[in-house]
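J.: There's a structure below that I have some questions on.
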Amino acid sequence: MCRSFPFFSGQNTPAGGCRRGSPAVRQNRRVPVHQITDPDDDRIADYRALTDVELRTRWEPPHGLFIAEGELVLRRALRAGYPARSYLVDAKRVDQLADLDTGDAPVYAATPDVLQQATGFHVHRGVLASFRRRSLPTAAEVLAAARRIVILEDVNNHTNLGAIFRGAAALGVDAVLLSPTCADPLYRRSVRVSMGEVFAVPYAKLDRWPAGLDQVREAGFTVLAMTPAPDAVPMQRLTPAQRERAALLLGAEGPGLTAAAQAASDVRVVLPMRRGVDSLNVAAAAAVAFWELGRDDAPSDSE
């Protein structure tokens with residue numbers, strides 16, 4: 001059996017030692033594609049047990065890596081400047097990467113069955129990549145370059161986190177600040193739900209919580225704590241001064257913001273609800289609030 005596919009030559013037929021009838025695999029001229037037949041192969045250790053959140057949390061940040069799932073997401077990671085460690089693809093989909101300059105990162109190909117055994121789930125998008133993390137900016141650096149931000153307290157649901165990043169990118173929020181208890185934005189599910197927008201929106205951690213909100217205020221922002229409390233100010237009634245440099249503060253799904261975080265904010269705000277509904281999913285609420293805060297913005301040509 002062939003252990004390494006031929007170099008990409010721009011043709012649909014194999015140019016190397018595989019017998020007729022083997023998959024015709026194409027790739028960047030400088031990088032061969034290596035076939036993986038054993039799901040326990042150490043070369044694909046980065047991709048092992050991707051559905052085990054606890055294991056991945058212990059493995060990825062300490063080893064300085066994250067996993068991107070899907071061709072669109074991995075291309076956005078590359079455009080954002082994240083260096084690839086390796087690629088792992090369904091052998092039938094290697095052509096999707098044929099135009100990439102994969103540099104020194106090896107490209108591994110496997111059957112769907114081997115991919116599923118290695119990762120723990122059916123890789124229906126057929127394309128995975130492991131990337132090196134970059135050092136996070138400081139909160140001060142993020143604040144200095146932003147006009148409107150969102151601050152998250154204890155948002156540890158990866159789906160919600162990814163959706164908030166996507167909404168932030170789409171609706172004019174310049175940066176995200178995270179409390180120490182928030183989930184990892186570069187966890188695979190967060191990255192996938194955000195459609196790679198976690199790479200486009202700068203983020204940083206506020207290590208002191210909720211005391212770190214003082215730093216946000218000192219940078220000229222008004223901290224707006226979202227809560228369904230009956231005495232909260234409807235968002236549409238915020239003054240121009242409160243909107244000018246807004247820092248929208250959101251809590252986790254269910255419990256919402258802690259009392260300490262609300263006490264450290266400047267204004268408590270609410271999205272008025274109808275028909276007896278008391279609140280929205282945190283990602284949906286964030287998107288509505290982002291739109292409301294930026295409804296008078298004039299899009300720039302770059303947007």
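Within each chain, counting starts at residue 1; across the structure tokens, chains are named A, B, ... in the order shown, with ligands numbered 1 upward in that order.
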Write out as a CSV table (one decimal) with N, CA, C and O atoms, in the first residue's frame all residues of range 24-125 of chain A that DSSP puts in helix (DSSP H, G or I) for this structure's backbone.

T.:
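The result, written out as states08.csv:
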chain,number,residue,atom,x,y,z
A,42,ASP,N,1.1,8.6,15.8
A,42,ASP,CA,1.6,9.7,16.6
A,42,ASP,C,1.7,11.0,15.8
A,42,ASP,O,1.6,12.1,16.3
A,43,ARG,N,1.7,10.9,14.4
A,43,ARG,CA,1.8,12.1,13.6
A,43,ARG,C,0.6,12.9,13.6
A,43,ARG,O,0.6,14.1,13.3
A,44,ILE,N,-0.6,12.3,14.0
A,44,ILE,CA,-1.8,13.1,14.1
A,44,ILE,C,-2.3,13.2,15.5
A,44,ILE,O,-3.5,13.3,15.8
A,45,ALA,N,-1.4,13.2,16.5
A,45,ALA,CA,-1.8,13.3,17.9
A,45,ALA,C,-2.5,14.6,18.2
A,45,ALA,O,-3.4,14.6,19.1
A,46,ASP,N,-2.3,15.7,17.4
A,46,ASP,CA,-3.0,16.9,17.6
A,46,ASP,C,-4.5,16.8,17.5
A,46,ASP,O,-5.3,17.6,18.0
A,47,TYR,N,-4.9,15.8,16.7
A,47,TYR,CA,-6.3,15.6,16.3
A,47,TYR,C,-7.1,14.6,17.2
A,47,TYR,O,-8.2,14.3,16.9
A,53,VAL,N,-14.0,17.5,25.7
A,53,VAL,CA,-13.7,18.9,26.0
A,53,VAL,C,-12.7,19.0,27.1
A,53,VAL,O,-11.7,19.9,27.0
A,54,GLU,N,-12.8,18.2,28.1
A,54,GLU,CA,-11.8,18.3,29.2
A,54,GLU,C,-10.4,18.0,28.8
A,54,GLU,O,-9.4,18.7,29.1
A,55,LEU,N,-10.3,16.9,28.0
A,55,LEU,CA,-9.0,16.5,27.4
A,55,LEU,C,-8.4,17.6,26.5
A,55,LEU,O,-7.2,18.0,26.7
A,56,ARG,N,-9.2,18.1,25.6
A,56,ARG,CA,-8.7,19.2,24.7
A,56,ARG,C,-8.3,20.4,25.5
A,56,ARG,O,-7.4,21.1,25.1
A,57,THR,N,-9.1,20.8,26.5
A,57,THR,CA,-8.7,22.0,27.3
A,57,THR,C,-7.4,21.8,28.0
A,57,THR,O,-6.6,22.7,28.1
A,58,ARG,N,-7.1,20.6,28.4
A,58,ARG,CA,-5.8,20.3,29.0
A,58,ARG,C,-4.7,20.2,28.0
A,58,ARG,O,-3.5,20.4,28.3
A,59,TRP,N,-5.0,19.9,26.8
A,59,TRP,CA,-4.0,19.6,25.7
A,59,TRP,C,-3.7,20.9,24.9
A,59,TRP,O,-2.5,21.2,24.7
A,60,GLU,N,-4.7,21.6,24.4
A,60,GLU,CA,-4.5,22.6,23.4
A,60,GLU,C,-3.7,23.8,23.9
A,60,GLU,O,-2.7,24.2,23.4
A,61,PRO,N,-4.3,24.6,24.9
A,61,PRO,CA,-3.6,25.8,25.3
A,61,PRO,C,-2.1,25.5,25.8
A,61,PRO,O,-1.2,26.2,25.4
A,62,PRO,N,-1.9,24.5,26.6
A,62,PRO,CA,-0.5,24.3,27.1
A,62,PRO,C,0.4,23.9,26.0
A,62,PRO,O,1.6,24.2,26.1
A,63,HIS,N,-0.1,23.3,24.9
A,63,HIS,CA,0.8,22.9,23.8
A,63,HIS,C,0.8,24.0,22.7
A,63,HIS,O,1.4,23.8,21.6
A,71,GLU,N,-12.8,23.9,5.4
A,71,GLU,CA,-11.9,24.6,4.5
A,71,GLU,C,-12.0,26.1,4.7
A,71,GLU,O,-11.0,26.8,4.8
A,72,LEU,N,-13.2,26.7,4.8
A,72,LEU,CA,-13.4,28.1,5.0
A,72,LEU,C,-12.7,28.6,6.2
A,72,LEU,O,-12.0,29.6,6.2
A,73,VAL,N,-12.9,27.9,7.3
A,73,VAL,CA,-12.3,28.3,8.6
A,73,VAL,C,-10.8,28.3,8.5
A,73,VAL,O,-10.1,29.2,9.0
A,74,LEU,N,-10.2,27.2,8.0
A,74,LEU,CA,-8.7,27.1,8.0
A,74,LEU,C,-8.1,28.1,7.1
A,74,LEU,O,-7.1,28.7,7.3
A,75,ARG,N,-8.8,28.5,6.0
A,75,ARG,CA,-8.3,29.6,5.1
A,75,ARG,C,-8.3,30.9,5.8
A,75,ARG,O,-7.4,31.7,5.7
A,76,ARG,N,-9.4,31.1,6.6
A,76,ARG,CA,-9.4,32.4,7.4
A,76,ARG,C,-8.3,32.4,8.5
A,76,ARG,O,-7.8,33.5,8.7
A,77,ALA,N,-8.0,31.3,9.0
A,77,ALA,CA,-6.9,31.2,10.0
A,77,ALA,C,-5.6,31.6,9.3
A,77,ALA,O,-4.8,32.3,9.9
A,78,LEU,N,-5.4,31.0,8.1
A,78,LEU,CA,-4.1,31.3,7.4
A,78,LEU,C,-4.1,32.8,7.0
A,78,LEU,O,-3.0,33.4,7.2
A,79,ARG,N,-5.2,33.4,6.6
A,79,ARG,CA,-5.2,34.8,6.2
A,79,ARG,C,-4.9,35.7,7.4
A,79,ARG,O,-4.4,36.8,7.3
A,91,ALA,N,-9.1,11.8,2.3
A,91,ALA,CA,-8.3,11.6,1.1
A,91,ALA,C,-9.0,12.0,-0.2
A,91,ALA,O,-8.3,12.4,-1.2
A,92,LYS,N,-10.3,12.0,-0.2
A,92,LYS,CA,-11.0,12.4,-1.4
A,92,LYS,C,-11.1,13.9,-1.5
A,92,LYS,O,-11.6,14.5,-2.5
A,93,ARG,N,-10.7,14.7,-0.5
A,93,ARG,CA,-10.8,16.1,-0.5
A,93,ARG,C,-9.5,16.9,-0.6
A,93,ARG,O,-9.5,18.1,-0.4
A,94,VAL,N,-8.4,16.2,-0.8
A,94,VAL,CA,-7.1,16.8,-0.8
A,94,VAL,C,-7.0,17.9,-1.8
A,94,VAL,O,-6.3,18.9,-1.6
A,95,ASP,N,-7.7,17.7,-2.9
A,95,ASP,CA,-7.7,18.7,-4.0
A,95,ASP,C,-8.1,20.1,-3.5
A,95,ASP,O,-7.8,21.1,-4.1
A,96,GLN,N,-8.9,20.1,-2.5
A,96,GLN,CA,-9.4,21.4,-1.9
A,96,GLN,C,-8.3,22.3,-1.4
A,96,GLN,O,-8.4,23.5,-1.3
A,97,LEU,N,-7.2,21.7,-1.1
A,97,LEU,CA,-6.0,22.4,-0.6
A,97,LEU,C,-4.9,22.6,-1.6
A,97,LEU,O,-3.8,23.1,-1.3
A,112,PRO,N,-12.5,8.3,5.7
A,112,PRO,CA,-13.4,8.8,6.7
A,112,PRO,C,-13.5,7.9,8.0
A,112,PRO,O,-13.6,8.4,9.1
A,113,ASP,N,-13.3,6.6,7.8
A,113,ASP,CA,-13.3,5.7,9.0
A,113,ASP,C,-12.2,6.0,9.9
A,113,ASP,O,-12.3,6.0,11.1
A,114,VAL,N,-11.0,6.1,9.3
A,114,VAL,CA,-9.8,6.4,10.2
A,114,VAL,C,-9.9,7.8,10.8
A,114,VAL,O,-9.6,8.0,12.0
A,115,LEU,N,-10.4,8.8,10.1
A,115,LEU,CA,-10.6,10.1,10.6
A,115,LEU,C,-11.6,10.0,11.8
A,115,LEU,O,-11.3,10.7,12.9
A,116,GLN,N,-12.7,9.3,11.7
A,116,GLN,CA,-13.6,9.2,12.8
A,116,GLN,C,-13.0,8.5,14.0
A,116,GLN,O,-13.2,8.9,15.2
A,117,GLN,N,-12.3,7.4,13.8
A,117,GLN,CA,-11.6,6.8,14.9
A,117,GLN,C,-10.6,7.7,15.6
A,117,GLN,O,-10.5,7.6,16.9
A,118,ALA,N,-9.9,8.5,14.9
A,118,ALA,CA,-8.9,9.3,15.5
A,118,ALA,C,-9.5,10.5,16.2
A,118,ALA,O,-9.1,10.8,17.3
A,119,THR,N,-10.5,11.1,15.6
A,119,THR,CA,-11.0,12.4,16.2
A,119,THR,C,-12.2,12.1,17.2
A,119,THR,O,-12.5,13.0,18.0

J.: Which neighbours of range 104-106 of chain A fall inside 8 Å, counting only C-alpha atoms, when residues of the same chain fewer than 5 positions from it are skipped, and could you give them as a PyMOL selection string?

T.: chain A and resi 31-34+84-87

J.: Those residues you just picked out, can you put them in a file as a JSON list (two decimals), in the first residue's frame with C-alpha atoms?

T.:
[["chain", "number", "residue", "atom", "x", "y", "z"],
["A", 31, "VAL", "CA", 4.66, 19.22, -0.16],
["A", 32, "PRO", "CA", 3.78, 15.52, -0.41],
["A", 33, "VAL", "CA", 0.56, 14.17, 1.07],
["A", 34, "HIS", "CA", 1.07, 11.38, 3.60],
["A", 84, "ALA", "CA", -0.20, 25.85, 10.47],
["A", 85, "ARG", "CA", 1.29, 22.85, 12.28],
["A", 86, "SER", "CA", -0.34, 20.23, 10.03],
["A", 87, "TYR", "CA", -3.39, 19.40, 7.96]]

J.: For Ala283 in chain A, find every residue with an atom within 12 Å (counting only C-alpha atoms), except residues of its own chain fewer than 6 positions away, and show them as a list in words.

T.: Val150, Leu152, Val155, Asn157, His158, Thr159, Asn160, Leu161, Gly162, Ala163, Ile164, Phe165, Arg166, Gly167, Ala168, Val193, Ser194, Leu250, Gly251, Ala252, Glu253, Ala289 and Phe290 of chain A

J.: What parts of range 89-279 of chain A does DSSP call strand (DSSP E or B)? I'd like the answer as a VMD selection string.

T.: chain A and resid 89 to 90 107 to 110 127 to 132 149 to 152 175 to 178 203 to 205 222 to 226 233 to 234 246 to 250 252 256 267 to 270

J.: State, in Å with one decimal place, the distance from CA of Ala200 in chain A to CA of Ala169 in chain A.

T.: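 Answer for the CA of Ala200 in chain A to CA of Ala169 in chain A separation: 7.0 Å.
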
J.: I want to know what sits within 12 Å of Arg268 in chain A, based on only C-alpha atoms, with residues of the same chain fewer than 5 positions away left out; could you give that as an MDAnalysis selection string?

T.: chainID A and resid 222:235 237:238 242 247:250 257 259 261:263
